[in-house]
>>> print(open('coords.txt').read())   # compact mmCIF, C-alpha atoms and all ligand atoms
# COMPACT_ATOMS: atom_id res chain seq x y z
CA MET A 455 43.77 231.06 -136.22
CA SER A 456 44.05 230.42 -132.48
CA ALA A 457 40.44 231.15 -131.56
CA GLN A 458 39.17 229.40 -128.41
CA LEU A 459 37.60 226.11 -129.40
CA GLY A 460 34.27 224.98 -127.97
CA THR A 461 34.25 223.00 -124.72
CA LEU A 462 32.45 219.82 -123.75
CA GLU A 463 30.49 221.70 -121.05
CA GLU A 464 28.90 223.93 -123.71
CA LEU A 465 27.12 220.92 -125.17
CA PRO A 466 23.69 219.87 -123.81
CA GLN A 467 23.78 216.97 -121.35
CA ASP A 468 21.43 214.80 -123.45
CA TYR A 469 23.78 215.23 -126.44
CA ARG A 470 26.81 214.28 -124.32
CA ASP A 471 24.99 211.21 -122.97
CA ALA A 472 23.92 210.19 -126.47
CA MET A 473 27.52 210.39 -127.69
CA SER A 474 28.80 208.29 -124.78
CA GLN A 475 26.13 205.68 -125.41
CA ILE A 476 27.24 205.07 -128.97
CA ALA A 477 30.97 205.36 -128.09
CA VAL A 478 31.83 208.58 -129.92
CA ALA A 479 33.20 211.92 -128.68
CA PRO A 480 33.64 215.42 -130.13
CA LEU A 481 37.15 216.26 -131.31
CA TRP A 482 37.05 220.06 -130.92
CA PRO A 483 37.26 220.27 -127.10
CA GLN A 484 40.42 218.12 -127.22
CA MET A 485 41.96 219.48 -130.40
CA ARG A 486 44.60 221.67 -128.72
CA LYS A 487 45.52 218.93 -126.27
CA VAL A 488 46.48 216.53 -129.02
CA LEU A 489 47.79 219.21 -131.40
CA PRO A 490 49.29 222.08 -129.39
CA HIS A 491 50.67 225.06 -131.30
CA ASP A 492 54.28 225.06 -132.53
CA ALA A 493 55.73 222.43 -130.16
CA PRO A 494 54.61 219.37 -128.20
CA MET A 495 53.44 219.68 -124.59
CA PRO A 496 55.38 216.89 -122.88
CA VAL A 497 53.91 214.96 -119.98
CA THR A 498 57.43 213.95 -118.93
CA GLN A 499 58.95 215.94 -116.06
CA ALA A 500 62.70 216.27 -115.77
CA HIS A 501 63.98 214.42 -112.73
CA CYS A 502 67.22 213.33 -111.07
CA TRP A 503 67.41 209.92 -109.41
CA ALA A 504 70.31 209.74 -106.95
CA PHE A 505 72.03 206.36 -106.98
CA SER A 506 72.62 206.76 -103.24
CA ASP A 507 68.82 206.66 -102.80
CA ILE A 508 68.23 203.68 -105.10
CA ARG A 509 71.17 201.49 -104.03
CA PRO A 510 70.02 200.63 -100.46
CA LEU A 511 66.51 199.75 -101.64
CA LEU A 512 67.90 197.62 -104.44
CA LEU A 513 70.23 195.77 -102.05
CA ARG A 514 67.25 195.21 -99.75
CA ALA A 515 65.36 193.72 -102.67
CA GLY A 516 68.25 191.25 -102.79
CA GLU A 517 67.33 190.14 -99.26
CA LEU A 518 63.56 190.29 -99.71
CA THR A 519 63.16 188.62 -103.09
CA PRO A 520 65.26 185.74 -104.40
CA VAL A 521 66.11 186.08 -108.08
CA GLU A 522 64.13 182.90 -108.82
CA LYS A 523 61.01 184.72 -107.68
CA ALA A 524 61.81 187.93 -109.54
CA GLU A 525 63.29 186.64 -112.82
CA ARG A 526 64.78 190.14 -113.11
CA ARG A 527 65.39 191.96 -109.80
CA VAL A 528 64.82 195.53 -110.87
CA LEU A 529 63.64 198.86 -109.47
CA PHE A 530 62.43 200.99 -112.38
CA LEU A 531 62.47 204.77 -112.56
CA VAL A 532 59.08 206.44 -112.55
CA ASP A 533 58.57 209.72 -114.41
CA PRO A 534 57.02 212.11 -111.84
CA GLY A 535 54.96 213.61 -114.68
CA ARG A 536 53.18 210.27 -115.06
CA GLY A 537 53.00 209.21 -111.43
CA ALA A 538 52.94 206.02 -109.41
CA GLY A 539 53.77 202.83 -111.25
CA ALA A 540 54.42 204.38 -114.66
CA MET A 541 57.03 202.19 -116.36
CA GLN A 542 58.44 205.19 -118.15
CA ALA A 543 61.32 207.56 -117.48
CA THR A 544 60.27 209.50 -120.61
CA SER A 545 57.64 208.99 -123.31
CA THR A 546 59.53 206.15 -125.00
CA ILE A 547 62.33 205.22 -122.60
CA TYR A 548 62.11 202.71 -119.76
CA VAL A 549 65.00 202.71 -117.29
CA GLY A 550 65.58 200.37 -114.35
CA MET A 551 68.40 199.43 -111.99
CA GLN A 552 69.00 195.68 -111.78
CA LEU A 553 70.75 193.74 -109.02
CA LEU A 554 72.45 190.37 -109.38
CA LEU A 555 74.15 188.79 -106.37
CA PRO A 556 77.23 186.55 -106.54
CA GLY A 557 76.40 183.14 -107.96
CA GLU A 558 72.94 184.16 -109.17
CA THR A 559 71.67 183.76 -112.71
CA ALA A 560 68.74 185.36 -114.49
CA PRO A 561 67.19 182.95 -117.02
CA ALA A 562 67.29 183.39 -120.78
CA HIS A 563 64.51 185.07 -122.67
CA LYS A 564 64.02 187.09 -125.81
CA HIS A 565 61.45 189.79 -126.40
CA THR A 566 60.19 192.25 -128.95
CA PRO A 567 61.49 195.43 -127.21
CA SER A 568 65.19 196.17 -127.44
CA ALA A 569 67.36 196.69 -124.39
CA ALA A 570 70.77 197.91 -123.40
CA ARG A 571 72.61 197.78 -120.10
CA ILE A 572 75.10 200.20 -118.65
CA VAL A 573 77.16 198.65 -115.87
CA VAL A 574 77.01 200.73 -112.70
CA GLU A 575 78.74 198.76 -109.95
CA GLY A 576 80.56 195.50 -109.27
CA GLU A 577 82.75 193.03 -111.09
CA GLY A 578 82.19 189.53 -112.39
CA GLY A 579 78.78 190.06 -113.99
CA TYR A 580 78.17 188.89 -117.53
CA THR A 581 75.37 188.74 -120.07
CA VAL A 582 75.12 186.03 -122.70
CA VAL A 583 73.56 187.36 -125.91
CA ASP A 584 72.82 184.84 -128.67
CA GLY A 585 75.63 182.63 -127.37
CA ASP A 586 78.27 185.34 -126.93
CA ARG A 587 79.43 185.81 -123.34
CA LEU A 588 79.80 189.54 -122.72
CA PRO A 589 81.76 190.54 -119.61
CA MET A 590 80.18 193.48 -117.77
CA GLU A 591 82.71 196.03 -116.58
CA ALA A 592 81.89 199.42 -115.10
CA GLY A 593 80.52 201.80 -117.74
CA ASP A 594 80.27 199.15 -120.49
CA LEU A 595 77.29 199.39 -122.82
CA ILE A 596 75.83 195.95 -123.54
CA LEU A 597 73.11 195.54 -126.17
CA THR A 598 70.31 192.99 -126.15
CA PRO A 599 68.40 193.92 -129.30
CA GLY A 600 64.80 192.78 -129.80
CA GLY A 601 64.63 189.09 -130.72
CA CYS A 602 68.05 188.19 -129.26
CA TRP A 603 68.30 185.60 -126.48
CA HIS A 604 69.85 186.94 -123.32
CA ASP A 605 70.58 185.73 -119.80
CA HIS A 606 72.71 187.12 -117.01
CA GLY A 607 75.18 185.57 -114.58
CA HIS A 608 77.60 186.67 -111.90
CA CYS A 609 80.87 184.93 -111.00
CA GLY A 610 82.26 187.71 -108.78
CA SER A 611 82.08 188.17 -105.02
CA LYS A 612 80.12 191.42 -104.53
CA PRO A 613 76.73 192.60 -105.79
CA VAL A 614 76.55 193.72 -109.42
CA ILE A 615 74.23 196.56 -110.40
CA TRP A 616 73.49 197.75 -113.88
CA LEU A 617 71.10 200.14 -115.56
CA ASP A 618 68.61 198.69 -118.05
CA ALA A 619 67.25 200.93 -120.81
CA LEU A 620 64.48 199.63 -123.07
CA ASP A 621 62.10 200.96 -125.70
CA LEU A 622 59.42 199.10 -123.73
CA PRO A 623 56.91 202.02 -123.49
CA LEU A 624 56.80 202.21 -127.27
CA PHE A 625 56.34 198.47 -127.73
CA TYR A 626 53.70 198.36 -125.00
CA TYR A 627 51.82 201.23 -126.66
CA LEU A 628 52.02 199.39 -129.98
CA GLU A 629 50.56 196.28 -128.27
CA ALA A 630 53.66 194.53 -129.52
CA SER A 631 55.42 193.61 -126.27
CA TYR A 632 55.96 189.97 -125.32
CA ALA A 633 58.74 187.57 -124.31
CA VAL A 634 59.68 183.94 -124.94
CA GLU A 635 61.54 182.06 -122.19
CA ALA A 636 64.28 179.43 -122.33
CA PRO A 637 66.92 177.77 -120.13
CA LEU A 638 70.35 179.38 -119.69
CA GLN A 639 72.48 179.44 -122.84
CA THR A 640 75.80 177.67 -123.19
CA PRO A 641 78.18 180.41 -124.25
CA ARG A 642 80.73 179.99 -127.03
CA ASN A 643 84.24 179.56 -125.66
CA ARG A 644 85.78 182.69 -127.19
CA PRO A 645 85.94 186.42 -126.45
CA ASP A 646 83.01 188.53 -127.66
CA PRO A 647 83.10 190.29 -131.08
CA SER A 648 84.23 193.64 -129.57
CA GLU A 649 87.50 191.83 -128.74
CA VAL A 650 87.74 189.88 -131.99
CA GLU A 651 86.07 190.99 -135.25
CA TYR A 652 85.58 194.61 -134.18
CA ARG A 653 88.76 195.12 -132.18
CA ALA A 654 89.41 198.55 -133.71
CA ALA A 655 87.16 201.36 -134.94
CA GLY A 656 86.97 201.49 -138.73
CA LEU A 657 87.81 197.83 -139.22
CA ALA A 658 85.22 195.13 -139.94
CA PRO A 659 85.64 191.56 -141.18
CA ALA A 660 85.98 191.09 -144.95
CA ARG A 661 83.23 188.73 -146.00
CA ARG A 662 81.99 186.81 -149.00
CA ARG A 663 78.95 188.86 -149.96
CA ASP A 664 77.10 185.91 -151.49
CA ILE A 665 77.10 183.66 -148.45
CA ALA A 666 77.93 185.81 -145.41
CA PRO A 667 75.96 189.02 -145.11
CA ALA A 668 76.94 191.28 -142.20
CA PRO A 669 74.98 190.50 -139.03
CA SER A 670 72.28 193.03 -138.06
CA TYR A 671 73.86 193.48 -134.63
CA PRO A 672 77.56 192.77 -135.08
CA MET A 673 78.81 194.22 -131.80
CA MET A 674 76.84 193.84 -128.57
CA ARG A 675 79.44 195.18 -126.13
CA PHE A 676 81.04 198.62 -126.13
CA PRO A 677 83.76 198.61 -123.45
CA TRP A 678 83.82 201.86 -121.46
CA LYS A 679 87.64 201.94 -121.33
CA ARG A 680 87.78 202.47 -125.09
CA THR A 681 84.93 204.97 -125.07
CA GLU A 682 86.55 207.11 -122.39
CA GLN A 683 89.87 207.05 -124.21
CA ALA A 684 88.16 208.09 -127.45
CA LEU A 685 86.33 210.95 -125.72
CA ARG A 686 89.53 212.23 -124.10
CA GLU A 687 91.42 212.20 -127.40
CA TYR A 688 88.52 213.89 -129.16
CA ALA A 689 88.42 216.57 -126.45
CA ARG A 690 92.16 217.12 -126.78
CA HIS A 691 92.27 217.40 -130.55
CA GLY A 692 88.73 218.20 -131.68
CA ASP A 693 87.10 221.61 -131.71
CA SER A 694 86.30 223.24 -128.40
CA GLY A 695 82.55 222.57 -128.54
CA ILE A 696 80.53 219.65 -127.25
CA VAL A 697 82.46 216.37 -126.93
CA GLU A 698 80.07 213.57 -127.84
CA LEU A 699 80.42 210.21 -129.58
CA ASP A 700 77.47 208.14 -130.80
CA TYR A 701 77.43 204.38 -130.28
CA ILE A 702 76.96 202.92 -133.75
CA ASN A 703 76.67 199.66 -135.60
CA PRO A 704 80.25 199.18 -136.85
CA GLU A 705 79.05 197.56 -140.10
CA THR A 706 76.57 200.25 -141.15
CA GLY A 707 77.20 203.40 -139.10
CA ALA A 708 73.52 203.36 -138.06
CA SER A 709 72.44 203.79 -134.44
CA CYS A 710 73.34 200.67 -132.43
CA LEU A 711 69.64 199.89 -131.73
CA PRO A 712 66.67 200.68 -134.02
CA THR A 713 64.77 203.11 -131.76
CA LEU A 714 67.14 204.03 -128.94
CA GLY A 715 70.29 206.07 -129.39
CA PHE A 716 73.28 206.10 -127.04
CA THR A 717 75.71 208.98 -126.97
CA ALA A 718 78.84 209.16 -124.81
CA MET A 719 79.47 212.67 -123.50
CA MET A 720 82.46 214.33 -121.91
CA LEU A 721 81.88 217.58 -120.03
CA ARG A 722 85.05 219.53 -119.44
CA GLN A 723 85.46 220.73 -115.87
CA GLY A 724 84.00 224.12 -115.11
CA LYS A 725 82.67 224.65 -118.63
CA SER A 726 78.99 225.23 -119.22
CA VAL A 727 77.57 223.32 -122.20
CA LYS A 728 74.30 224.36 -123.81
CA PRO A 729 73.29 221.80 -126.44
CA VAL A 730 70.62 222.58 -129.03
CA ARG A 731 67.04 221.75 -128.05
CA LYS A 732 66.11 218.40 -129.53
CA SER A 733 62.76 216.79 -130.32
CA ALA A 734 64.15 213.59 -128.73
CA SER A 735 63.58 212.81 -125.05
CA ALA A 736 66.64 211.79 -123.07
CA VAL A 737 67.93 210.02 -119.98
CA PHE A 738 71.47 210.80 -118.83
CA HIS A 739 73.50 208.32 -116.82
CA VAL A 740 76.54 209.72 -115.04
CA ILE A 741 79.54 207.42 -115.48
CA ALA A 742 82.01 209.63 -113.59
CA GLY A 743 82.30 213.12 -112.15
CA LYS A 744 79.83 215.53 -110.64
CA GLY A 745 78.02 218.65 -111.69
CA HIS A 746 74.60 220.07 -112.33
CA SER A 747 72.18 220.41 -115.21
CA THR A 748 69.56 223.11 -115.51
CA ILE A 749 66.62 221.62 -117.39
CA ASN A 750 63.78 223.95 -118.36
CA GLY A 751 64.88 226.38 -115.65
CA LYS A 752 65.22 223.89 -112.79
CA ARG A 753 68.61 222.91 -111.41
CA HIS A 754 69.43 219.23 -110.84
CA ASP A 755 72.68 218.40 -109.00
CA TRP A 756 74.22 215.06 -109.90
CA SER A 757 77.20 212.85 -109.22
CA ALA A 758 78.55 209.50 -110.45
CA LYS A 759 75.93 206.77 -111.08
CA ASP A 760 72.94 209.14 -110.92
CA VAL A 761 70.27 209.27 -113.63
CA ILE A 762 68.64 212.44 -115.00
CA SER A 763 65.70 212.62 -117.40
CA ALA A 764 64.77 215.39 -119.82
CA PRO A 765 61.56 215.74 -121.83
CA VAL A 766 61.38 216.51 -125.55
CA PHE A 767 62.62 219.98 -126.58
CA ALA A 768 64.11 220.59 -123.11
CA ALA A 769 66.35 223.63 -122.70
CA ILE A 770 69.42 222.13 -121.05
CA ASP A 771 72.61 223.55 -119.58
CA HIS A 772 75.22 221.12 -118.17
CA VAL A 773 78.11 222.08 -115.90
CA ALA A 774 80.81 219.68 -114.65
CA GLU A 775 82.26 220.70 -111.32
CA GLY A 776 85.72 219.82 -110.06
CA ASP A 777 86.86 217.33 -112.66
CA ASP A 778 85.83 216.37 -116.19
CA ALA A 779 82.55 214.44 -116.16
CA PHE A 780 81.44 211.53 -118.35
CA LEU A 781 77.81 210.70 -119.12
CA ILE A 782 75.94 208.42 -121.48
CA ARG A 783 72.82 209.95 -123.00
CA ILE A 784 70.06 207.50 -123.86
CA HIS A 785 67.62 209.05 -126.32
CA ASP A 786 64.97 208.30 -128.91
CA ALA A 787 66.40 210.28 -131.86
CA PRO A 788 66.84 207.09 -133.98
CA LEU A 789 63.10 206.38 -133.67
CA GLN A 790 62.20 209.97 -134.51
CA GLU A 791 64.58 210.00 -137.48
CA LYS A 792 62.98 206.84 -138.82
CA LEU A 793 59.56 208.44 -138.47
CA GLY A 794 60.88 211.52 -140.27
CA PHE A 795 60.32 214.22 -137.66
CA TYR A 796 63.51 214.48 -135.59
CA GLU A 797 64.25 218.18 -135.12
CA GLU A 798 66.77 220.48 -133.43
CA ARG A 799 66.19 224.11 -132.48
CA SER A 800 68.61 226.66 -131.12
CA GLN A 801 68.01 227.56 -127.45
C1 LIG A 901 64.44 192.57 -119.34
O1 LIG A 901 64.43 191.61 -120.26
C2 LIG A 901 65.54 192.74 -118.53
O2 LIG A 901 66.75 190.98 -119.53
C3 LIG A 901 65.56 193.77 -117.61
O3 LIG A 901 67.62 191.94 -117.84
C4 LIG A 901 64.49 194.62 -117.46
C5 LIG A 901 62.25 195.26 -118.09
C6 LIG A 901 61.14 195.07 -118.84
C7 LIG A 901 61.08 194.09 -119.79
C8 LIG A 901 62.16 193.25 -119.98
C9 LIG A 901 66.71 191.83 -118.65
C10 LIG A 901 63.35 194.44 -118.24
C11 LIG A 901 63.32 193.41 -119.20
>>> encode(input="coords.txt", output="structure tokens")
Amino acid sequence: MSAQLGTLEELPQDYRDAMSQIAVAPLWPQMRKVLPHDAPMPVTQAHCWAFSDIRPLLLRAGELTPVEKAERRVLFLVDPGRGAGAMQATSTIYVGMQLLLPGETAPAHKHTPSAARIVVEGEGGYTVVDGDRLPMEAGDLILTPGGCWHDHGHCGSKPVIWLDALDLPLFYYLEASYAVEAPLQTPRNRPDPSEVEYRAAGLAPARRRDIAPAPSYPMMRFPWKRTEQALREYARHGDSGIVELDYINPETGASCLPTLGFTAMMLRQGKSVKPVRKSASAVFHVIAGKGHSTINGKRHDWSAKDVISAPVFAAIDHVAEGDDAFLIRIHDAPLQEKLGFYEERSQ
């Protein structure tokens, strides 16, 4: 079954040249590379990006490059398994840190990939998504789904930094990635739907089915204050296992974006948590607390605002030190579920 397959070097040079000339190649030398036994062989290497390393370079970008010249002033996280310039934190997940200075705006555009922001630092930032003005407060998750217009602004007095997560690598691979540009939007003069129609979990507007179908993306902002409260209550009254809440579409219960999943996690202080191994890749953003995660045998120490990546099927062990810790896990389980292969295995 697992006999050694023939190599390219075994083939005569004239045969190899003849293949190249007509643009064909033999499958068998590459068969195991594309179809390894029993589990994938990820290219992605687990990594921890310290916010204290990124922040000074991002602030310097604020001095070096005006936002008008950058459109989006971002430093993106490069998977060490892929090397210089790779716009990938994992196979499918792009992550960047974006800086907006007081008074700056980033012009409107819409694109095929979907995005979400997690606010890392600063007050007064906002994103306008399809006319709704979404305030950006620390830890908030803000969606900009594919095809939705979005621009950013900042009416505060200190720099604002947020994390961008996109399914860009997937769309780029599909040769499906492009954007359309437009001037800044004029926001509606009312609070966003998380404060109005979807004020409370489990409640959604009653609608006339014939003329008012539920919007595909009803809620674009998930305020961190509510998420943290929900996690703490769940930890207090739920079972003693892993404390995690998925961000969902409040109309359908589906993942809040089509390919990317977002899961809020609470790690109780001093407790080691060993989740099942998942076929999804993941990027963890630390909202608060400090601790360490051992990923495939290597220890990564982290604290608030850091970002940690994990490849598919990673064996992971998280420990919060000192106080309870809060993280948001960005992952591609929704994509894998749609494709019908999402899988979990015990460690
Ligand atoms: C994008 O649209 C934003 O709107 C940020 O803030 C980062 C990276 C790649 C492609 C589109 C934004 C992005 C992006």
>>> closest_atom_pairs(input="coords.txt", of="chain A", to="ligand LIG 901 (chain A)", cutoff="9 Å", atoms="only C-alpha atoms and all ligand atoms", output="CSV")
residue,atom,partner,partner_atom,distance
A:Glu525,CA,A:LIG901,O3,8.5
A:Arg526,CA,A:LIG901,O3,5.8
A:Arg527,CA,A:LIG901,C3,8.0
A:Val528,CA,A:LIG901,C4,6.7
A:Phe530,CA,A:LIG901,C5,8.1
A:Met541,CA,A:LIG901,C6,8.6
A:Tyr548,CA,A:LIG901,C5,7.6
A:Val549,CA,A:LIG901,C5,8.0
A:Gly550,CA,A:LIG901,C4,6.6
A:Met551,CA,A:LIG901,C4,8.3
A:Gln552,CA,A:LIG901,C3,7.0
A:Ala560,CA,A:LIG901,O3,7.5
A:Pro561,CA,A:LIG901,O2,8.4
A:Ala562,CA,A:LIG901,O2,7.7
A:His563,CA,A:LIG901,O1,7.0
A:Lys564,CA,A:LIG901,O1,7.2
A:His565,CA,A:LIG901,O1,7.1
A:Pro567,CA,A:LIG901,C7,7.6
A:Ser568,CA,A:LIG901,O1,8.5
A:Ala569,CA,A:LIG901,C1,7.1
A:Ala570,CA,A:LIG901,C9,8.7
A:Arg571,CA,A:LIG901,O3,8.0
A:Thr581,CA,A:LIG901,O3,8.7
A:Thr598,CA,A:LIG901,O2,7.8
A:Trp603,CA,A:LIG901,O2,8.9
A:His604,CA,A:LIG901,O2,6.3
A:Asp605,CA,A:LIG901,O2,6.5
A:His606,CA,A:LIG901,O3,7.1
A:Leu617,CA,A:LIG901,C3,8.7
A:Asp618,CA,A:LIG901,C3,5.8
A:Ala619,CA,A:LIG901,C4,7.7
A:Leu620,CA,A:LIG901,C5,7.0
A:Leu622,CA,A:LIG901,C6,6.6
A:Ser631,CA,A:LIG901,C7,8.6
A:Tyr632,CA,A:LIG901,C7,8.6
A:Ala633,CA,A:LIG901,C8,7.9
>>> closest_residue(input="coords.txt", among="A:Asp533, A:Asp760, A:Glu575, A:Asp646", to="Pro589 of chain A", atoms="only C-alpha atoms")
A:Asp646
>>> residues_around(input="coords.txt", residues="segment 676-688 of chain A", least_positions_apart="6", cutoff="8 Å", atoms="all atoms listed in the file", output="ChimeraX atom specification")
/A:591-596,648,697-699,701,718-720,780
>>> write_last_selection(input="coords.txt", atoms="C-alpha atoms", output="PDB file, keeping the file's coordinate frame")
ATOM      1  CA  GLU A 591      82.710 196.030-116.580  1.00  0.00           C
ATOM      2  CA  ALA A 592      81.890 199.420-115.100  1.00  0.00           C
ATOM      3  CA  GLY A 593      80.520 201.800-117.740  1.00  0.00           C
ATOM      4  CA  ASP A 594      80.270 199.150-120.490  1.00  0.00           C
ATOM      5  CA  LEU A 595      77.290 199.390-122.820  1.00  0.00           C
ATOM      6  CA  ILE A 596      75.830 195.950-123.540  1.00  0.00           C
ATOM      7  CA  SER A 648      84.230 193.640-129.570  1.00  0.00           C
ATOM      8  CA  VAL A 697      82.460 216.370-126.930  1.00  0.00           C
ATOM      9  CA  GLU A 698      80.070 213.570-127.840  1.00  0.00           C
ATOM     10  CA  LEU A 699      80.420 210.210-129.580  1.00  0.00           C
ATOM     11  CA  TYR A 701      77.430 204.380-130.280  1.00  0.00           C
ATOM     12  CA  ALA A 718      78.840 209.160-124.810  1.00  0.00           C
ATOM     13  CA  MET A 719      79.470 212.670-123.500  1.00  0.00           C
ATOM     14  CA  MET A 720      82.460 214.330-121.910  1.00  0.00           C
ATOM     15  CA  PHE A 780      81.440 211.530-118.350  1.00  0.00           C
TER      16      PHE A 780
END
>>> atom_distance(input="coords.txt", atom1="atom CA of Thr498 of chain A", atom2="atom CA of Gln542 of chain A")
8.9 Å
>>> residues_around(input="coords.txt", residues="Leu781 of chain A", least_positions_apart="6", cutoff="9 Å", atoms="only C-alpha atoms", output="PyMOL selection string")
chain A and resi 717-721+738-743+758
>>> atom_distance(input="coords.txt", atom1="atom CA of Ser694 of chain A", atom2="atom CA of Asp778 of chain A")
14.0 Å
>>> residues_around(input="coords.txt", residues="segment 650-666 of chain A", least_positions_apart="5", cutoff="12 Å", atoms="only C-alpha atoms", output="ChimeraX atom specification")
/A:586,644-645,671-677,680-681,684,701-707
>>> residues_near_point(input="coords.txt", point="(73.2, 219.0, -110.7)", cutoff="8 Å", atoms="only C-alpha atoms", output="list of chain:residue names")
A:Lys744, A:Gly745, A:His746, A:Ser747, A:Thr748, A:Arg753, A:His754, A:Asp755, A:Trp756, A:Ser757, A:Val773
>>> atom_distance(input="coords.txt", atom1="atom CA of Arg799 of chain A", atom2="atom CA of Lys732 of chain A")
6.4 Å
>>> closest_residue(input="coords.txt", among="A:His772, A:Leu711, A:Gly516, A:Pro494", to="Gly601 of chain A", atoms="only C-alpha atoms")
A:Leu711
>>> residues_around(input="coords.txt", residues="Val730 of chain A", least_positions_apart="6", cutoff="8 Å", atoms="all atoms listed in the file", output="PDB file with C-alpha atoms, keeping the file's coordinate frame")
ATOM      1  CA  ALA A 769      66.350 223.630-122.700  1.00  0.00           C
ATOM      2  CA  GLU A 798      66.770 220.480-133.430  1.00  0.00           C
ATOM      3  CA  ARG A 799      66.190 224.110-132.480  1.00  0.00           C
ATOM      4  CA  SER A 800      68.610 226.660-131.120  1.00  0.00           C
ATOM      5  CA  GLN A 801      68.010 227.560-127.450  1.00  0.00           C
TER       6      GLN A 801
END
>>> closest_residue(input="coords.txt", among="A:Leu624, A:Leu481, A:Ile749, A:Val488", to="Thr566 of chain A", atoms="all atoms listed in the file")
A:Leu624
>>> closest_residue(input="coords.txt", among="A:Gly576, A:Pro623, A:Pro637, A:Gly535", to="Gly610 of chain A", atoms="all atoms listed in the file")
A:Gly576
>>> residues_around(input="coords.txt", residues="segment 500-504 of chain A", least_positions_apart="3", cutoff="6 Å", atoms="only C-alpha atoms", output="list in words")
Asp507, Asp760, Val761, Ile762, Ser763 and Ala764 of chain A
>>> closest_residue(input="coords.txt", among="A:Leu459, A:Met473, A:Ile770, A:Ala734", to="Arg486 of chain A", atoms="all atoms listed in the file")
A:Leu459
>>> axis_aligned_box(input="coords.txt", around="segment 537-552 of chain A", padding_each_side="4 Å", output="JSON")
{"center_x": 61.0, "center_y": 202.6, "center_z": -117.2, "size_x": 24.1, "size_y": 21.8, "size_z": 23.6}
>>> closest_residue(input="coords.txt", among="A:Gly776, A:Glu558, A:Ile782, A:Pro496", to="Val573 of chain A", atoms="all atoms listed in the file")
A:Ile782
>>> build_atoms(input="coords.txt", residues="segment 730-734 of chain A", atoms="all heavy atoms", output="mmCIF file, in the frame of the given file")
data_model
loop_
_atom_site.group_PDB
_atom_site.id
_atom_site.type_symbol
_atom_site.label_atom_id
_atom_site.label_comp_id
_atom_site.auth_asym_id
_atom_site.auth_seq_id
_atom_site.Cartn_x
_atom_site.Cartn_y
_atom_site.Cartn_z
ATOM 1 N N VAL A 730 71.850 222.132 -128.368
ATOM 2 C CA VAL A 730 70.620 222.580 -129.030
ATOM 3 C C VAL A 730 69.428 221.828 -128.416
ATOM 4 O O VAL A 730 69.584 220.726 -127.889
ATOM 5 C CB VAL A 730 70.633 222.317 -130.560
ATOM 6 C CG1 VAL A 730 71.623 223.226 -131.243
ATOM 7 C CG2 VAL A 730 70.886 220.853 -130.869
ATOM 8 N N ARG A 731 68.251 222.448 -128.511
ATOM 9 C CA ARG A 731 67.040 221.750 -128.050
ATOM 10 C C ARG A 731 66.689 220.698 -129.102
ATOM 11 O O ARG A 731 66.725 220.969 -130.298
ATOM 12 C CB ARG A 731 65.896 222.736 -127.878
ATOM 13 C CG ARG A 731 66.130 223.704 -126.716
ATOM 14 C CD ARG A 731 65.181 224.876 -126.798
ATOM 15 N NE ARG A 731 63.810 224.453 -126.682
ATOM 16 C CZ ARG A 731 62.789 224.981 -127.361
ATOM 17 N NH1 ARG A 731 63.012 225.949 -128.233
ATOM 18 N NH2 ARG A 731 61.572 224.549 -127.175
ATOM 19 N N LYS A 732 66.360 219.512 -128.605
ATOM 20 C CA LYS A 732 66.110 218.400 -129.530
ATOM 21 C C LYS A 732 64.675 217.872 -129.338
ATOM 22 O O LYS A 732 64.162 217.873 -128.217
ATOM 23 C CB LYS A 732 67.088 217.263 -129.241
ATOM 24 C CG LYS A 732 68.560 217.673 -129.343
ATOM 25 C CD LYS A 732 69.457 216.531 -128.905
ATOM 26 C CE LYS A 732 70.924 216.831 -129.082
ATOM 27 N NZ LYS A 732 71.477 217.736 -128.075
ATOM 28 N N SER A 733 64.101 217.376 -130.431
ATOM 29 C CA SER A 733 62.760 216.790 -130.320
ATOM 30 C C SER A 733 62.808 215.432 -129.620
ATOM 31 O O SER A 733 61.773 214.878 -129.265
ATOM 32 C CB SER A 733 62.108 216.660 -131.694
ATOM 33 O OG SER A 733 62.894 215.840 -132.542
ATOM 34 N N ALA A 734 63.999 214.879 -129.417
ATOM 35 C CA ALA A 734 64.150 213.590 -128.730
ATOM 36 C C ALA A 734 64.080 213.785 -127.221
ATOM 37 O O ALA A 734 64.569 214.785 -126.699
ATOM 38 C CB ALA A 734 65.488 212.958 -129.107
#
